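Shown next: coords.pdb, given as PDB, C-alpha atoms and all ligand atoms.
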ATOM      1  CA  VAL B   8      94.913-131.902 -30.390
ATOM      2  CA  SER B   9      94.454-134.979 -28.223
ATOM      3  CA  ALA B  10      94.127-138.462 -29.718
ATOM      4  CA  HIS B  11      90.517-138.422 -28.553
ATOM      5  CA  ALA B  12      89.789-135.150 -30.372
ATOM      6  CA  ALA B  13      91.557-136.403 -33.487
ATOM      7  CA  ALA B  14      89.310-139.476 -33.384
ATOM      8  CA  GLY B  15      86.261-137.208 -33.661
ATOM      9  CA  GLY B  16      85.700-136.623 -29.937
ATOM     10  CA  VAL B  17      85.429-133.297 -28.149
ATOM     11  CA  GLY B  18      88.834-131.880 -27.193
ATOM     12  CA  ALA B  19      89.725-130.386 -23.822
ATOM     13  CA  GLU B  20      89.439-126.807 -25.057
ATOM     14  CA  THR B  21      86.025-127.322 -26.615
ATOM     15  CA  LEU B  22      84.784-128.936 -23.404
ATOM     16  CA  ALA B  23      86.194-126.085 -21.323
ATOM     17  CA  THR B  24      84.446-123.500 -23.515
ATOM     18  CA  TYR B  25      81.203-125.472 -23.349
ATOM     19  CA  LEU B  26      81.401-125.804 -19.563
ATOM     20  CA  GLU B  27      82.052-122.097 -19.193
ATOM     21  CA  SER B  28      79.024-121.107 -21.257
ATOM     22  CA  GLN B  29      76.754-123.662 -19.576
ATOM     23  CA  ARG B  30      77.880-122.616 -16.115
ATOM     24  CA  ALA B  31      77.201-118.957 -16.906
ATOM     25  CA  ALA B  32      73.625-119.837 -17.884
ATOM     26  CA  VAL B  33      73.242-121.961 -14.727
ATOM     27  CA  GLU B  34      74.603-119.198 -12.466
ATOM     28  CA  ALA B  35      72.080-116.746 -13.924
ATOM     29  CA  ALA B  36      69.271-119.244 -13.312
ATOM     30  CA  LEU B  37      70.433-119.819  -9.738
ATOM     31  CA  VAL B  38      70.350-116.079  -9.077
ATOM     32  CA  ARG B  39      66.759-116.022 -10.383
ATOM     33  CA  ALA B  40      65.841-118.926  -8.116
ATOM     34  CA  VAL B  41      67.507-117.502  -5.016
ATOM     35  CA  ASP B  42      66.029-114.037  -5.617
ATOM     36  CA  ALA B  43      62.588-115.668  -5.680
ATOM     37  CA  LEU B  44      63.113-117.989  -2.717
ATOM     38  CA  ALA B  45      65.292-116.149  -0.201
ATOM     39  CA  PRO B  46      62.814-113.287   0.481
ATOM     40  CA  THR B  47      60.117-115.828   1.424
ATOM     41  CA  ILE B  48      62.020-117.028   4.516
ATOM     42  CA  PRO B  49      63.465-115.205   7.564
ATOM     43  CA  ARG B  50      66.465-112.991   6.866
ATOM     44  CA  ASP B  51      69.144-115.168   8.513
ATOM     45  CA  ALA B  52      67.963-118.293   6.685
ATOM     46  CA  GLY B  53      67.770-116.306   3.444
ATOM     47  CA  ASP B  54      71.386-115.216   3.858
ATOM     48  CA  GLY B  55      72.404-118.825   4.510
ATOM     49  CA  LEU B  56      70.491-119.914   1.439
ATOM     50  CA  ARG B  57      72.343-117.400  -0.736
ATOM     51  CA  HIS B  58      75.672-118.540   0.672
ATOM     52  CA  GLY B  59      74.923-122.231   0.162
ATOM     53  CA  VAL B  60      73.599-121.875  -3.374
ATOM     54  CA  LEU B  61      75.700-119.052  -4.843
ATOM     55  CA  SER B  62      79.187-119.885  -3.573
ATOM     56  CA  GLY B  63      80.501-121.643  -6.662
ATOM     57  CA  GLY B  64      80.916-125.329  -7.420
ATOM     58  CA  LYS B  65      81.166-127.219 -10.659
ATOM     59  CA  ARG B  66      77.413-127.017 -11.377
ATOM     60  CA  LEU B  67      77.699-130.441 -12.944
ATOM     61  CA  ARG B  68      74.128-131.626 -12.304
ATOM     62  CA  PRO B  69      72.427-128.712 -14.089
ATOM     63  CA  VAL B  70      74.970-128.878 -16.920
ATOM     64  CA  LEU B  71      74.150-132.579 -17.373
ATOM     65  CA  CYS B  72      70.412-131.875 -17.318
ATOM     66  CA  ALA B  73      70.690-129.159 -19.962
ATOM     67  CA  SER B  74      73.050-131.329 -22.035
ATOM     68  CA  ALA B  75      70.602-134.255 -21.991
ATOM     69  CA  TYR B  76      67.770-131.918 -23.030
ATOM     70  CA  THR B  77      69.698-130.543 -26.007
ATOM     71  CA  ALA B  78      71.045-134.027 -26.933
ATOM     72  CA  CYS B  79      67.369-135.045 -27.237
ATOM     73  CA  GLY B  80      66.672-132.193 -29.640
ATOM     74  CA  GLY B  81      65.481-129.499 -27.240
ATOM     75  CA  ALA B  82      66.594-125.886 -27.626
ATOM     76  CA  ALA B  83      68.621-124.127 -24.918
ATOM     77  CA  GLN B  84      66.576-121.338 -23.266
ATOM     78  CA  ASP B  85      66.208-119.632 -19.878
ATOM     79  CA  ALA B  86      63.444-121.989 -18.731
ATOM     80  CA  LEU B  87      65.719-124.978 -19.423
ATOM     81  CA  TYR B  88      68.368-123.581 -17.091
ATOM     82  CA  ASP B  89      65.664-122.843 -14.508
ATOM     83  CA  LEU B  90      64.646-126.502 -14.626
ATOM     84  CA  ALA B  91      68.300-127.547 -14.445
ATOM     85  CA  ALA B  92      68.857-125.185 -11.490
ATOM     86  CA  SER B  93      66.265-127.109  -9.451
ATOM     87  CA  LEU B  94      68.801-129.971  -9.271
ATOM     88  CA  GLU B  95      71.477-127.635  -7.977
ATOM     89  CA  LEU B  96      69.100-126.310  -5.301
ATOM     90  CA  ILE B  97      68.718-129.875  -3.988
ATOM     91  CA  HIS B  98      72.473-130.472  -4.333
ATOM     92  CA  ALA B  99      73.291-127.227  -2.475
ATOM     93  CA  TYR B 100      70.973-128.171   0.389
ATOM     94  CA  SER B 101      72.560-131.640   0.555
ATOM     95  CA  LEU B 102      75.998-130.054   0.942
ATOM     96  CA  MET B 103      74.811-127.473   3.505
ATOM     97  CA  HIS B 104      73.407-130.272   5.662
ATOM     98  CA  ASP B 105      76.308-132.683   4.894
ATOM     99  CA  ASP B 106      78.726-130.152   6.382
ATOM    100  CA  LEU B 107      76.802-129.671   9.661
ATOM    101  CA  PRO B 108      78.443-130.808  12.928
ATOM    102  CA  CYS B 109      75.924-133.663  13.252
ATOM    103  CA  MET B 110      76.970-134.939   9.825
ATOM    104  CA  ASP B 111      80.513-134.498   8.413
ATOM    105  CA  ASP B 112      81.347-131.461  10.576
ATOM    106  CA  ALA B 113      83.194-129.563   7.851
ATOM    107  CA  GLU B 114      84.515-126.018   8.032
ATOM    108  CA  LEU B 115      85.448-125.460   4.382
ATOM    109  CA  ARG B 116      83.361-125.825   1.218
ATOM    110  CA  ARG B 117      84.207-124.511  -2.249
ATOM    111  CA  GLY B 118      87.108-122.622  -0.735
ATOM    112  CA  LEU B 119      84.872-120.698   1.686
ATOM    113  CA  PRO B 120      83.633-121.252   5.229
ATOM    114  CA  THR B 121      80.714-123.704   5.236
ATOM    115  CA  THR B 122      77.249-122.197   5.484
ATOM    116  CA  HIS B 123      76.832-122.956   9.194
ATOM    117  CA  ARG B 124      80.284-121.512   9.969
ATOM    118  CA  GLU B 125      79.222-118.280   8.317
ATOM    119  CA  HIS B 126      75.507-118.112   9.184
ATOM    120  CA  GLY B 127      74.982-120.530  12.083
ATOM    121  CA  GLU B 128      73.470-123.974  12.351
ATOM    122  CA  ALA B 129      69.849-122.924  12.792
ATOM    123  CA  ALA B 130      69.849-120.745   9.664
ATOM    124  CA  THR B 131      71.574-123.519   7.710
ATOM    125  CA  VAL B 132      69.092-126.212   8.735
ATOM    126  CA  ARG B 133      66.156-123.938   7.898
ATOM    127  CA  ALA B 134      67.596-122.744   4.596
ATOM    128  CA  GLY B 135      68.305-126.344   3.584
ATOM    129  CA  ALA B 136      64.769-127.401   4.478
ATOM    130  CA  ALA B 137      63.296-124.485   2.510
ATOM    131  CA  LEU B 138      65.290-125.520  -0.548
ATOM    132  CA  ILE B 139      63.526-128.896  -0.862
ATOM    133  CA  PRO B 140      59.975-127.716  -1.633
ATOM    134  CA  GLY B 141      61.528-124.646  -3.245
ATOM    135  CA  ALA B 142      63.346-126.822  -5.770
ATOM    136  CA  ALA B 143      60.254-128.917  -6.510
ATOM    137  CA  LEU B 144      58.074-125.871  -7.159
ATOM    138  CA  TRP B 145      60.830-124.240  -9.213
ATOM    139  CA  ALA B 146      61.099-127.367 -11.384
ATOM    140  CA  LEU B 147      57.321-127.480 -11.956
ATOM    141  CA  ASP B 148      57.209-123.791 -12.823
ATOM    142  CA  ALA B 149      60.162-124.141 -15.224
ATOM    143  CA  CYS B 150      58.471-127.110 -16.929
ATOM    144  CA  GLY B 151      55.407-124.957 -17.525
ATOM    145  CA  ARG B 152      57.504-122.244 -19.155
ATOM    146  CA  LEU B 153      59.339-124.882 -21.235
ATOM    147  CA  GLY B 154      56.002-126.005 -22.650
ATOM    148  CA  VAL B 155      56.096-129.377 -20.904
ATOM    149  CA  GLY B 156      52.523-130.611 -20.348
ATOM    150  CA  ALA B 157      51.158-131.073 -16.818
ATOM    151  CA  GLU B 158      51.438-134.868 -16.753
ATOM    152  CA  ARG B 159      55.015-134.915 -17.975
ATOM    153  CA  ALA B 160      55.927-132.044 -15.646
ATOM    154  CA  ARG B 161      54.637-134.126 -12.735
ATOM    155  CA  GLU B 162      56.895-136.987 -13.890
ATOM    156  CA  VAL B 163      59.905-134.687 -14.172
ATOM    157  CA  ALA B 164      59.382-133.298 -10.661
ATOM    158  CA  GLY B 165      58.799-136.847  -9.409
ATOM    159  CA  VAL B 166      62.176-137.918 -10.770
ATOM    160  CA  LEU B 167      63.832-135.075  -8.846
ATOM    161  CA  LEU B 168      62.047-135.776  -5.561
ATOM    162  CA  ARG B 169      62.509-139.548  -5.667
ATOM    163  CA  ALA B 170      66.243-139.082  -6.265
ATOM    164  CA  ALA B 171      66.421-136.618  -3.362
ATOM    165  CA  GLY B 172      64.441-138.838  -0.999
ATOM    166  CA  ALA B 173      64.874-141.828   1.274
ATOM    167  CA  GLY B 174      65.448-144.218  -1.638
ATOM    168  CA  GLY B 175      68.115-141.872  -2.991
ATOM    169  CA  MET B 176      70.231-139.092  -1.541
ATOM    170  CA  VAL B 177      68.724-138.750   1.938
ATOM    171  CA  GLY B 178      68.684-142.525   2.414
ATOM    172  CA  GLY B 179      72.258-142.780   1.220
ATOM    173  CA  GLN B 180      73.316-140.094   3.669
ATOM    174  CA  TRP B 181      71.776-142.096   6.540
ATOM    175  CA  VAL B 182      73.638-145.216   5.490
ATOM    176  CA  ASP B 183      76.828-143.157   5.156
ATOM    177  CA  LEU B 184      76.537-141.839   8.720
ATOM    178  CA  GLU B 185      75.541-145.186  10.188
ATOM    179  CA  GLY B 186      78.500-146.759   8.412
ATOM    180  CA  GLU B 187      81.090-144.575  10.169
ATOM    181  CA  GLY B 188      83.563-146.775  12.020
ATOM    182  CA  LYS B 189      82.281-149.912  10.282
ATOM    183  CA  SER B 190      83.675-151.721   7.253
ATOM    184  CA  LEU B 191      80.906-151.948   4.702
ATOM    185  CA  GLY B 192      81.055-154.732   2.129
ATOM    186  CA  ALA B 193      81.461-154.051  -1.587
ATOM    187  CA  GLU B 194      77.747-154.372  -2.343
ATOM    188  CA  GLU B 195      76.688-152.173   0.574
ATOM    189  CA  LEU B 196      79.204-149.516  -0.436
ATOM    190  CA  ASP B 197      78.092-149.656  -4.062
ATOM    191  CA  ASP B 198      74.472-149.154  -2.933
ATOM    192  CA  LEU B 199      75.461-146.305  -0.588
ATOM    193  CA  HIS B 200      77.317-144.441  -3.345
ATOM    194  CA  ARG B 201      74.567-144.986  -5.876
ATOM    195  CA  ARG B 202      72.052-143.557  -3.429
ATOM    196  CA  LYS B 203      73.869-140.657  -1.769
ATOM    197  CA  THR B 204      75.397-139.298  -4.979
ATOM    198  CA  GLY B 205      74.438-141.425  -7.989
ATOM    199  CA  ALA B 206      70.687-140.926  -7.711
ATOM    200  CA  LEU B 207      70.729-137.135  -8.189
ATOM    201  CA  LEU B 208      73.208-137.366 -11.058
ATOM    202  CA  ALA B 209      71.063-139.999 -12.808
ATOM    203  CA  ALA B 210      68.001-137.803 -12.204
ATOM    204  CA  SER B 211      69.787-134.883 -13.899
ATOM    205  CA  LEU B 212      69.958-136.788 -17.184
ATOM    206  CA  GLU B 213      66.504-138.320 -16.873
ATOM    207  CA  MET B 214      64.856-134.975 -16.152
ATOM    208  CA  GLY B 215      66.497-133.407 -19.198
ATOM    209  CA  ALA B 216      65.449-136.305 -21.422
ATOM    210  CA  ARG B 217      61.874-136.425 -20.134
ATOM    211  CA  ALA B 218      61.418-132.664 -20.353
ATOM    212  CA  ALA B 219      62.538-132.849 -23.996
ATOM    213  CA  GLY B 220      59.864-135.470 -24.664
ATOM    214  CA  ALA B 221      62.489-138.021 -25.705
ATOM    215  CA  PRO B 222      61.412-141.551 -26.635
ATOM    216  CA  ARG B 223      61.589-144.167 -23.898
ATOM    217  CA  SER B 224      64.765-145.781 -25.255
ATOM    218  CA  PHE B 225      66.558-142.431 -24.972
ATOM    219  CA  VAL B 226      65.231-141.733 -21.472
ATOM    220  CA  GLU B 227      66.399-145.160 -20.303
ATOM    221  CA  ALA B 228      69.815-144.872 -21.962
ATOM    222  CA  LEU B 229      70.405-141.431 -20.476
ATOM    223  CA  ARG B 230      69.344-142.699 -17.059
ATOM    224  CA  ASP B 231      71.811-145.602 -17.430
ATOM    225  CA  TYR B 232      74.526-143.156 -18.464
ATOM    226  CA  GLY B 233      73.637-141.089 -15.380
ATOM    227  CA  ARG B 234      73.712-144.094 -13.068
ATOM    228  CA  SER B 235      77.189-145.012 -14.276
ATOM    229  CA  ILE B 236      78.702-141.550 -14.089
ATOM    230  CA  GLY B 237      76.895-141.068 -10.762
ATOM    231  CA  LEU B 238      78.727-144.015  -9.228
ATOM    232  CA  ALA B 239      81.971-142.978 -10.926
ATOM    233  CA  PHE B 240      81.536-139.474  -9.515
ATOM    234  CA  GLN B 241      81.430-140.624  -5.889
ATOM    235  CA  ILE B 242      84.287-143.116  -6.398
ATOM    236  CA  VAL B 243      86.383-140.217  -7.685
ATOM    237  CA  ASP B 244      85.216-138.049  -4.768
ATOM    238  CA  ASP B 245      86.624-140.762  -2.468
ATOM    239  CA  VAL B 246      89.874-140.869  -4.466
ATOM    240  CA  LEU B 247      90.239-137.078  -4.334
ATOM    241  CA  ASP B 248      89.563-137.069  -0.573
ATOM    242  CA  ALA B 249      92.465-139.507  -0.172
ATOM    243  CA  THR B 250      94.894-137.811  -2.534
ATOM    244  CA  GLN B 251      94.298-134.056  -2.850
ATOM    245  CA  SER B 252      94.951-131.059  -0.613
ATOM    246  CA  ALA B 253      92.278-128.855   0.927
ATOM    247  CA  GLU B 254      93.626-126.045  -1.237
ATOM    248  CA  THR B 255      92.945-127.958  -4.466
ATOM    249  CA  LEU B 256      89.606-129.367  -3.325
ATOM    250  CA  GLY B 257      88.240-126.263  -1.598
ATOM    251  CA  LYS B 258      87.116-128.643   1.173
ATOM    252  CA  ASN B 259      88.991-130.542   3.884
ATOM    253  CA  PRO B 260      89.716-134.193   3.170
ATOM    254  CA  SER B 261      88.041-136.045   6.072
ATOM    255  CA  ASP B 262      86.980-139.586   5.127
ATOM    256  CA  ALA B 263      89.836-141.297   6.990
ATOM    257  CA  ALA B 264      89.357-139.129  10.089
ATOM    258  CA  HIS B 265      85.639-140.053  10.148
ATOM    259  CA  ALA B 266      86.430-143.736   9.529
ATOM    260  CA  LYS B 267      84.139-143.735   6.486
ATOM    261  CA  SER B 268      83.924-146.744   4.243
ATOM    262  CA  THR B 269      85.043-145.523   0.821
ATOM    263  CA  TYR B 270      86.133-147.079  -2.460
ATOM    264  CA  VAL B 271      89.691-146.253  -1.427
ATOM    265  CA  SER B 272      89.457-147.843   2.039
ATOM    266  CA  LEU B 273      87.788-150.960   0.614
ATOM    267  CA  HIS B 274      89.482-151.453  -2.763
ATOM    268  CA  GLY B 275      92.652-149.346  -2.599
ATOM    269  CA  LEU B 276      93.489-146.347  -4.774
ATOM    270  CA  GLU B 277      94.431-148.086  -7.971
ATOM    271  CA  GLU B 278      91.392-150.362  -8.048
ATOM    272  CA  ALA B 279      89.095-147.459  -7.138
ATOM    273  CA  ARG B 280      90.428-145.518 -10.118
ATOM    274  CA  ARG B 281      89.970-148.543 -12.373
ATOM    275  CA  LEU B 282      86.368-149.035 -11.226
ATOM    276  CA  ALA B 283      85.578-145.365 -11.873
ATOM    277  CA  ASP B 284      87.037-145.616 -15.378
ATOM    278  CA  LEU B 285      84.979-148.728 -16.009
ATOM    279  CA  GLU B 286      81.787-146.870 -15.064
ATOM    280  CA  ALA B 287      82.680-143.968 -17.360
ATOM    281  CA  ASP B 288      83.109-146.475 -20.203
ATOM    282  CA  ARG B 289      79.750-148.062 -19.325
ATOM    283  CA  ALA B 290      78.119-144.644 -19.416
ATOM    284  CA  VAL B 291      79.403-143.975 -22.931
ATOM    285  CA  ALA B 292      78.406-147.474 -24.049
ATOM    286  CA  ALA B 293      74.815-146.816 -22.919
ATOM    287  CA  LEU B 294      74.647-143.823 -25.275
ATOM    288  CA  THR B 295      76.228-145.679 -28.184
ATOM    289  CA  GLU B 296      73.897-148.665 -27.813
ATOM    290  CA  ALA B 297      70.833-146.421 -27.916
ATOM    291  CA  GLY B 298      72.156-144.504 -30.938
ATOM    292  CA  ILE B 299      72.381-141.226 -29.029
ATOM    293  CA  GLU B 300      74.912-138.928 -30.620
ATOM    294  CA  ALA B 301      76.097-136.607 -27.869
ATOM    295  CA  PRO B 302      79.820-135.828 -28.013
ATOM    296  CA  MET B 303      79.538-133.431 -25.062
ATOM    297  CA  LEU B 304      78.071-136.167 -22.858
ATOM    298  CA  VAL B 305      80.931-138.446 -23.908
ATOM    299  CA  ALA B 306      83.408-135.712 -22.937
ATOM    300  CA  LEU B 307      81.558-135.086 -19.651
ATOM    301  CA  ALA B 308      81.857-138.774 -18.721
ATOM    302  CA  ARG B 309      85.633-138.445 -19.106
ATOM    303  CA  PHE B 310      85.580-135.167 -17.185
ATOM    304  CA  VAL B 311      83.916-136.898 -14.220
ATOM    305  CA  VAL B 312      86.802-139.340 -13.840
ATOM    306  CA  GLU B 313      89.649-137.025 -14.842
ATOM    307  CA  ARG B 314      88.770-133.990 -12.699
ATOM    308  CA  ASP B 315      91.071-132.941  -9.865
ATOM    309  CA  ARG B 316      88.439-131.352  -7.627
TER     310      ARG B 316
HETATM  311  C1  LIG Z 401      80.335-132.984  -3.745
HETATM  312  O1  LIG Z 401      79.702-132.707  -4.952
HETATM  313  C2  LIG Z 401      79.524-133.918  -2.954
HETATM  314  C3  LIG Z 401      79.209-135.166  -3.636
HETATM  315  C4  LIG Z 401      77.999-135.502  -3.925
HETATM  316  C5  LIG Z 401      80.287-136.078  -3.959
HETATM  317  P1  LIG Z 401      80.417-131.848  -6.084
HETATM  318  O2  LIG Z 401      81.821-132.345  -6.268
HETATM  319  O3  LIG Z 401      79.542-131.810  -7.283
HETATM  320  O4  LIG Z 401      80.491-130.415  -5.400
HETATM  321  P2  LIG Z 401      80.458-128.971  -6.081
HETATM  322  O5  LIG Z 401      79.027-128.650  -6.302
HETATM  323  O6  LIG Z 401      81.248-129.010  -7.356
HETATM  324  O7  LIG Z 401      81.079-128.075  -5.050
HETATM  325  C1  LIG Z 402      78.248-136.228   0.137
HETATM  326  O1  LIG Z 402      79.305-137.109   0.159
HETATM  327  C2  LIG Z 402      77.131-136.691  -0.647
HETATM  328  C3  LIG Z 402      75.993-135.756  -0.501
HETATM  329  C4  LIG Z 402      74.805-136.155  -0.752
HETATM  330  C5  LIG Z 402      76.184-134.367  -0.076
HETATM  331  P1  LIG Z 402      80.584-136.524   0.877
HETATM  332  O2  LIG Z 402      80.327-136.246   2.297
HETATM  333  O3  LIG Z 402      81.738-137.413   0.529
HETATM  334  O4  LIG Z 402      80.761-135.131   0.078
HETATM  335  P2  LIG Z 402      81.928-134.099   0.363
HETATM  336  O5  LIG Z 402      83.219-134.848   0.150
HETATM  337  O6  LIG Z 402      81.749-133.593   1.753
HETATM  338  O7  LIG Z 402      81.724-133.039  -0.699
HETATM  339 MG    MG Z 403      79.049-136.931   3.786
HETATM  340 MG    MG Z 404      81.042-134.534   3.403
HETATM  341 MG    MG Z 405      83.668-136.796  -0.059
END

Would you give me this structure, written as structure tokens?
Amino acid sequence: VSAHAAAGGVGAETLATYLESQRAAVEAALVRAVDALAPTIPRDAGDGLRHGVLSGGKRLRPVLCASAYTACGGAAQDALYDLAASLELIHAYSLMHDDLPCMDDAELRRGLPTTHREHGEAATVRAGAALIPGAALWALDACGRLGVGAERAREVAGVLLRAAGAGGMVGGQWVDLEGEGKSLGAEELDDLHRRKTGALLAASLEMGARAAGAPRSFVEALRDYGRSIGLAFQIVDDVLDATQSAETLGKNPSDAAHAKSTYVSLHGLEEARRLADLEADRAVAALTEAGIEAPMLVALARFVVERDR
């Protein structure tokens, strides 16, 4: 029993069991989503879509969404995991496009060939594009089945699409590509990381809280938690890129080769790790200050900074 568990926190084994059960529910929801979406597009794009969405991954965004929903008093059910899966559909598309030759030009993802290496660039671009409206419609439909009223459902879908858009992930990806070969300053890099990765993670928590009909103070605290772990998540992604093997990561480390500005290139390894830890602490503090009792979210904040892939 770790000191943390002894102090009333969730131990490593409990977290592992929780993650396993949550991921199983998410995988089932993703199969439902892909079975609905893939047949609506040409065969080659549909195959690419299946590859990009169903090839593993930590499934952290949907797990966070479902965890926020239950922390706010909602009951776990299929429609919840369908809503949560909409985040993973956007995430999967972002990775499929991120790996394309015109972006990070990667050949390995989640221990498998990237989608374009397996299914071609055209199918990958089309499948990724189909996932964007597909995710939005899937989220709206899931909200309906969760009993979320039309106005709130519109808000929930809006949170997803804003996070995915130019002010969030897509905008962050532009800045990331334009920053290759340049040395971004600390503020620019912070903004880049918050947009390309932080926005969708923050949206995961906010969508869960809003769908549960949580009071405003809870929605805001969970969004703050999400913003902090979202930044921490990308800092750690930079650290892992600089320190881990392709075998461990299931993807090829490539930031240095692409001359990307990262928390490691700007601050050094040790400081990057310290800044990630600080954000995980901030995330937990946001919950405590709002009086949200969610031991799993506390454990997940630690997981984000302690993971090795
Ligand atoms: C990788 O995301 C890309 C980033 C946004 C940093 P994840 O580390 O969540 O990738 P999977 O889904 O677990 O493969
Ligand atoms: C990707 O950041 C962020 C996305 C929005 C996909 P990276 O380019 O660092 O992600 P990895 O390291 O390839 O997973
Ligand atoms: Mg990238
Ligand atoms: Mg990449
Ligand atoms: Mg990376």

Surrounding residues as a VMD selection string, ligand MG 403 (chain Z), max 10 Å, only C-alpha atoms and all ligand atoms: chain B and resid 101 to 102 104 to 107 110 to 113 179 to 181 183 to 184 203 to 204 261 to 262 265 267

Coordinates-based distance that separates CA of Arg159 (chain B) from CA of Asp42 (chain B) (Å, one decimal):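 These two atoms are separated by 26.6 Å.
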
Picked residues, the PyMOL selection byres (((chain B and resi 212-220) around 7) and not hetatm), expected as JSON, numbers by chain: {"B": [71, 72, 73, 75, 76, 79, 81, 155, 163, 166, 208, 209, 210, 211, 221, 222, 226, 229, 230, 233]}

Residue neighbourhood Leu94 (chain B), 8 Å, only C-alpha atoms, exclusion window fewer than 6 positions, as a VMD selection string: chain B and resid 68 to 69 142 167 207 211

Evaluate the PyMOL selection byres (((chain B and resi 39) around 12) and not hetatm) and report residues as a PyMOL selection string: chain B and resi 32-38+40-46+57+60-61+85-86+88-90+92-93+96+145+149

Complete region 292-310 of chain B with N, CA and C atoms (output as a compact mmCIF listing (two decimals), in the frame of the given file).
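That gives us selection-v8.txt:
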# COMPACT_ATOMS: atom_id res chain seq x y z
N ALA B 292 78.98 -146.34 -23.32
CA ALA B 292 78.41 -147.47 -24.05
C ALA B 292 76.88 -147.40 -24.07
N ALA B 293 76.28 -146.92 -22.98
CA ALA B 293 74.82 -146.82 -22.92
C ALA B 293 74.31 -145.86 -24.00
N LEU B 294 75.04 -144.78 -24.23
CA LEU B 294 74.65 -143.82 -25.28
C LEU B 294 74.79 -144.45 -26.65
N THR B 295 75.94 -145.08 -26.87
CA THR B 295 76.23 -145.68 -28.18
C THR B 295 75.17 -146.72 -28.53
N GLU B 296 74.86 -147.59 -27.56
CA GLU B 296 73.90 -148.66 -27.81
C GLU B 296 72.52 -148.13 -28.18
N ALA B 297 72.15 -146.99 -27.61
CA ALA B 297 70.83 -146.42 -27.92
C ALA B 297 70.86 -145.53 -29.15
N GLY B 298 72.05 -145.35 -29.75
CA GLY B 298 72.16 -144.50 -30.94
C GLY B 298 72.04 -143.03 -30.62
N ILE B 299 72.41 -142.65 -29.40
CA ILE B 299 72.38 -141.23 -29.03
C ILE B 299 73.72 -140.60 -29.39
N GLU B 300 73.67 -139.59 -30.26
CA GLU B 300 74.91 -138.93 -30.62
C GLU B 300 75.06 -137.67 -29.77
N ALA B 301 75.95 -137.72 -28.81
CA ALA B 301 76.10 -136.61 -27.87
C ALA B 301 77.55 -136.50 -27.45
N PRO B 302 78.39 -135.91 -28.32
CA PRO B 302 79.82 -135.83 -28.01
C PRO B 302 80.12 -135.12 -26.69
N MET B 303 79.29 -134.13 -26.33
CA MET B 303 79.54 -133.43 -25.06
C MET B 303 79.31 -134.36 -23.87
N LEU B 304 78.31 -135.23 -23.96
CA LEU B 304 78.07 -136.17 -22.86
C LEU B 304 79.21 -137.18 -22.77
N VAL B 305 79.77 -137.55 -23.92
CA VAL B 305 80.93 -138.45 -23.91
C VAL B 305 82.09 -137.74 -23.20
N ALA B 306 82.31 -136.48 -23.56
CA ALA B 306 83.41 -135.71 -22.94
C ALA B 306 83.15 -135.50 -21.44
N LEU B 307 81.88 -135.30 -21.07
CA LEU B 307 81.56 -135.09 -19.65
C LEU B 307 81.79 -136.36 -18.83
N ALA B 308 81.58 -137.51 -19.43
CA ALA B 308 81.86 -138.77 -18.72
C ALA B 308 83.35 -138.87 -18.41
N ARG B 309 84.18 -138.46 -19.36
CA ARG B 309 85.63 -138.44 -19.11
C ARG B 309 85.99 -137.40 -18.05
N PHE B 310 85.32 -136.25 -18.15
CA PHE B 310 85.58 -135.17 -17.18
C PHE B 310 85.33 -135.65 -15.75
